[in-house]
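Heads up: the structure comes next, in structure tokens.
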Amino acid sequence: MTPADADLARRAHTAAATVCDPEIPVLTIADLGVLRDVTVEDGRVEVAITPTYSGCPAMDVIGIEVQTALAEAGIPDARVRLVLSPAWTTDWMTEAGKRKLAAYGIAPPARKASRRALFGEEQVTCPHCGSAATEKVSEFGSTACKALWRCTACREPFDSFKCI
Amino acid sequence: MPTTSLSHTETPLLAGILALADDALILGHRLSEWCGHAPMLEEDIALANIALDCVGQARSFYAYAAEVAGGGLTEDDFAYRREVGQYRNCLLVEQPNGDFAGTIVRQVLISAFVDPYYRALTASRDATLAAIAAKAEKETAYHLRHSGEWLIRLGDGTDESHARARAALDELWPYTGELFEVDPAEGALIEAGTLPDPRALRAEFDATLDHILGEATLTRPAGTWMQGGGRAGRHSEHLGFILADLQYLQRAHPGATW
């Protein structure tokens with residue numbers, strides 16, 4: 001990569017990393033681990049993103065917002081490519097992202113993703129009061145990536161990121 | 001998008017991808033029919049979420065089918081421009097929702113098969129199929145757990161819920177045989193390491209089912225006569241009605257976008 005291309009890739013990455021998830025606006029796609037790679041070939045920028053779930057309806061919007069963010073940064077003709085491999089898991093979420101989620105009222109994924117984490121006993125801490133006295137209300141929530149829980153200490157309902 | 005039905009050359013690989021795509025799309029469409037009608041809000045959200053996963057999986061497979069077919073075809077061409085006889089989904093996924101027990105039994109039966117199938121597909125020599133499966137298998141595992149827990153509650157619930165689950169199981173059981181059938185073209189793909197051999201997954205399917213049914217105080221139906229033909233395009237009357245609904249807009253207004 002030429003120094004000019006490397007500089008372009010850096011600027012493009014910085015711009016793409018500011019795009020927020022439309023359904024969880026407190027997280028950027030970099031926090032989520034949805035932003036995979038930014039490359040430059042023959043002066044053309046390509047941004048690789050990956051879905052959290054196969055049917056995640058936010059992917060089209062995220063693609064458009066990445067192109068918009070890059071255009072605003074003076075990079076008008078970027079391409080967005082959808083990649084599936086390696087598959088996204090909650091392990092791709094950054095620690096900063098997990099802290100932002102909790103502050104926003106969504107319990108972050110509690111441990112490393114695995115079949116055991118998916119099927120084992122779940123322990124979720126209430127993002128509102130910090131109590132461990134919580135119970136699952138529904139395995140599915142407002143978006144594909146979340147389940148619905150409630151805290152039996154402070155009585156507040158909350159979303160929890162599925163450990164998948 | 002042209003108005004005519006799709007006529008394309010179906011290589012064994014394309015047929016194999018379309019069978020996976022059609023299973024996911026038709027199941028997703030059936031589940032989406034519950035949206036706004038489920039017995040309770042949480043389950044309405046759950047069924048819509050499972051439907052969304054299925055349609056998302058279908059899109060990944062159709063997009064790959066379009067790439068393999070070439071000629072500028074898109075994922076939408078395969079979903080919206082094929083006739084009933086060109087659909088390769090198994091008969092199980094097109095069966096009507098019935099009551100809630102019927103939908104849950106259908107979901108348990110298909111998930112108990114698709115879950116190990118996708119997991120085996122992650123080892124495919126075809127990198128794209130392996131990648132789609134790696135994404136999808138975690139979703140399907142979640143579907144299996146969810147529908148399995150419901151079947152246990154229904155079977156081991158009241159006399160009424162037990163009877164309904166029992167009736168649905170008897171009704172849908174003859175559609176499970178087709179899941180394990182292999183035609184010669186698929187056999188070649190299995191030989192090449194592109195697709196897993198469904199026959200090798202029978203023991204896991206039976207074990208999963210026996211575990212769930214045992215907890216649900218239900219038993220596997222004794223009948224051995226099985227329906228078949230979906231993979232070859234011979235469908236029950238239901239698929240035509242599904243496609244009339246699913247394809248209406250693109251058939252009436254070809255190429256419409258929004």
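Naming scheme: A, B, ... for chains in displayed order of the structure tokens; residues 1 onward per chain; ligands 1 onward as shown.
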Who sits within 10 Å of Met1 in chain A, only C-alpha atoms, same chain under 5 positions skipped, as a PDB file with N, CA, C and O atoms, in the first residue's frame:
ATOM      1  N   ALA A   6      -2.391   4.422   2.423  1.00  0.00           N
ATOM      2  CA  ALA A   6      -2.439   4.115   3.857  1.00  0.00           C
ATOM      3  C   ALA A   6      -3.101   5.262   4.615  1.00  0.00           C
ATOM      4  O   ALA A   6      -3.908   5.047   5.525  1.00  0.00           O
ATOM      5  N   ASP A   7      -2.799   6.468   4.211  1.00  0.00           N
ATOM      6  CA  ASP A   7      -3.396   7.635   4.859  1.00  0.00           C
ATOM      7  C   ASP A   7      -4.896   7.686   4.587  1.00  0.00           C
ATOM      8  O   ASP A   7      -5.705   7.956   5.485  1.00  0.00           O
ATOM      9  N   ALA A   9      -6.815   5.106   3.908  1.00  0.00           N
ATOM     10  CA  ALA A   9      -7.448   4.020   4.671  1.00  0.00           C
ATOM     11  C   ALA A   9      -7.648   4.442   6.120  1.00  0.00           C
ATOM     12  O   ALA A   9      -8.687   4.156   6.728  1.00  0.00           O
ATOM     13  N   THR A  39     -10.070  -1.155   3.456  1.00  0.00           N
ATOM     14  CA  THR A  39      -8.938  -1.350   2.548  1.00  0.00           C
ATOM     15  C   THR A  39      -9.019  -0.325   1.410  1.00  0.00           C
ATOM     16  O   THR A  39     -10.071   0.246   1.136  1.00  0.00           O
ATOM     17  N   VAL A  40      -7.895  -0.122   0.771  1.00  0.00           N
ATOM     18  CA  VAL A  40      -7.848   0.787  -0.377  1.00  0.00           C
ATOM     19  C   VAL A  40      -7.185   0.050  -1.529  1.00  0.00           C
ATOM     20  O   VAL A  40      -6.119  -0.542  -1.373  1.00  0.00           O
ATOM     21  N   GLU A  41      -7.869   0.028  -2.640  1.00  0.00           N
ATOM     22  CA  GLU A  41      -7.281  -0.566  -3.837  1.00  0.00           C
ATOM     23  C   GLU A  41      -7.450   0.404  -4.993  1.00  0.00           C
ATOM     24  O   GLU A  41      -8.564   0.853  -5.272  1.00  0.00           O
ATOM     25  N   ASP A  42      -6.344   0.725  -5.661  1.00  0.00           N
ATOM     26  CA  ASP A  42      -6.352   1.688  -6.768  1.00  0.00           C
ATOM     27  C   ASP A  42      -7.076   2.976  -6.373  1.00  0.00           C
ATOM     28  O   ASP A  42      -7.857   3.525  -7.146  1.00  0.00           O
ATOM     29  N   GLY A  43      -6.841   3.413  -5.145  1.00  0.00           N
ATOM     30  CA  GLY A  43      -7.425   4.677  -4.687  1.00  0.00           C
ATOM     31  C   GLY A  43      -8.881   4.577  -4.270  1.00  0.00           C
ATOM     32  O   GLY A  43      -9.478   5.570  -3.865  1.00  0.00           O
TER      33      GLY A  43
END
For chain B, work out the contacting residues on chain A at 12 Å, counting only C-alpha atoms, and write them as an NGL selection string. :A and (50-59 or 82-90 or 113-120 or 136-149 or 162-164)
Surrounding residues of range 74-81 of chain A excluding itself and chain neighbours under 5 positions, 12 Å, only C-alpha atoms, as a CSV table (one decimal) with C-alpha atoms, in the first residue's frame:
chain,number,residue,atom,x,y,z
A,7,ASP,CA,-3.4,7.6,4.9
A,8,LEU,CA,-6.7,7.3,3.0
A,9,ALA,CA,-7.4,4.0,4.7
A,10,ARG,CA,-6.8,5.6,8.1
A,11,ARG,CA,-9.0,8.6,7.4
A,12,ALA,CA,-11.7,6.2,6.0
A,13,HIS,CA,-11.5,4.0,9.1
A,14,THR,CA,-11.8,7.0,11.4
A,15,ALA,CA,-14.9,8.2,9.6
A,16,ALA,CA,-16.5,4.7,9.4
A,34,VAL,CA,-19.5,-4.9,13.0
A,35,LEU,CA,-16.8,-2.8,11.3
A,36,ARG,CA,-14.3,-5.4,10.1
A,37,ASP,CA,-11.9,-3.8,7.7
A,38,VAL,CA,-11.1,-0.8,5.6
A,39,THR,CA,-8.9,-1.3,2.5
A,40,VAL,CA,-7.8,0.8,-0.4
A,41,GLU,CA,-7.3,-0.6,-3.8
A,42,ASP,CA,-6.4,1.7,-6.8
A,43,GLY,CA,-7.4,4.7,-4.7
A,44,ARG,CA,-10.9,3.2,-4.0
A,45,VAL,CA,-12.0,2.6,-0.4
A,46,GLU,CA,-13.8,-0.6,0.5
A,47,VAL,CA,-15.3,-1.0,4.0
A,48,ALA,CA,-16.2,-4.5,5.2
A,49,ILE,CA,-19.0,-4.9,7.7
A,50,THR,CA,-20.5,-8.1,9.2
A,51,PRO,CA,-24.0,-8.7,10.5
A,59,MET,CA,-27.3,-3.8,7.8
A,60,ASP,CA,-28.6,-1.8,4.8
A,61,VAL,CA,-28.9,1.4,6.9
A,62,ILE,CA,-25.4,0.9,8.3
A,63,GLY,CA,-24.0,0.5,4.8
A,64,ILE,CA,-25.7,3.7,3.7
A,65,GLU,CA,-24.5,5.6,6.8
A,66,VAL,CA,-20.9,4.4,6.3
A,67,GLN,CA,-21.0,5.7,2.7
A,68,THR,CA,-22.5,9.0,4.0
A,69,ALA,CA,-19.9,9.4,6.8
Write out as an MDAnalysis selection string the set of residues from chain A that DSSP, computed on the backbone, places in alpha helix (DSSP H). chainID A and resid 3:16 29:32 59:72 95:104 115:119
Please provide as a VMD selection string all residues within 7 Å of range 159-166 of chain B, with the sequence filter that same-chain residues fewer than 4 positions apart are discarded (counting only C-alpha atoms). chain B and resid 101 to 102 105 154 to 155 170 218
Generate a file of the selected residues that holds all heavy atoms, formatted as a compact mmCIF listing (two decimals), in the first residue's frame.
# COMPACT_ATOMS: atom_id res chain seq x y z
N ALA B 101 -49.70 -25.08 19.08
CA ALA B 101 -49.00 -26.36 19.25
C ALA B 101 -48.48 -26.87 17.90
O ALA B 101 -47.38 -27.40 17.81
CB ALA B 101 -49.92 -27.39 19.89
N GLY B 102 -49.28 -26.68 16.85
CA GLY B 102 -48.87 -27.12 15.52
C GLY B 102 -47.61 -26.41 15.07
O GLY B 102 -46.67 -27.02 14.54
N VAL B 105 -44.61 -27.67 17.22
CA VAL B 105 -44.15 -29.01 16.82
C VAL B 105 -43.37 -28.93 15.51
O VAL B 105 -42.29 -29.51 15.37
CB VAL B 105 -45.34 -29.99 16.71
CG1 VAL B 105 -44.91 -31.28 16.02
CG2 VAL B 105 -45.91 -30.29 18.09
N LEU B 154 -46.16 -27.57 26.67
CA LEU B 154 -47.47 -27.95 26.09
C LEU B 154 -47.77 -29.42 26.35
O LEU B 154 -48.87 -29.79 26.75
CB LEU B 154 -47.48 -27.67 24.59
CG LEU B 154 -47.40 -26.20 24.17
CD1 LEU B 154 -47.25 -26.08 22.65
CD2 LEU B 154 -48.65 -25.44 24.62
N GLY B 155 -46.77 -30.29 26.10
CA GLY B 155 -46.99 -31.73 26.26
C GLY B 155 -47.22 -32.10 27.72
O GLY B 155 -48.10 -32.90 28.04
N ASP B 170 -48.59 -36.17 15.38
CA ASP B 170 -49.09 -37.22 14.48
C ASP B 170 -49.25 -36.68 13.06
O ASP B 170 -48.94 -37.35 12.08
CB ASP B 170 -50.44 -37.76 14.98
CG ASP B 170 -50.27 -38.64 16.22
OD1 ASP B 170 -49.13 -39.10 16.46
OD2 ASP B 170 -51.26 -38.84 16.95
N LEU B 218 -44.50 -37.05 25.71
CA LEU B 218 -45.00 -37.45 24.40
C LEU B 218 -44.07 -38.54 23.86
O LEU B 218 -42.96 -38.70 24.36
CB LEU B 218 -45.00 -36.26 23.43
CG LEU B 218 -45.97 -35.12 23.74
CD1 LEU B 218 -45.57 -33.86 22.98
CD2 LEU B 218 -47.40 -35.51 23.40
How far is it from CA of Gly130 in chain A to CA of Asp159 in chain A, in Å with one decimal? 13.9 Å
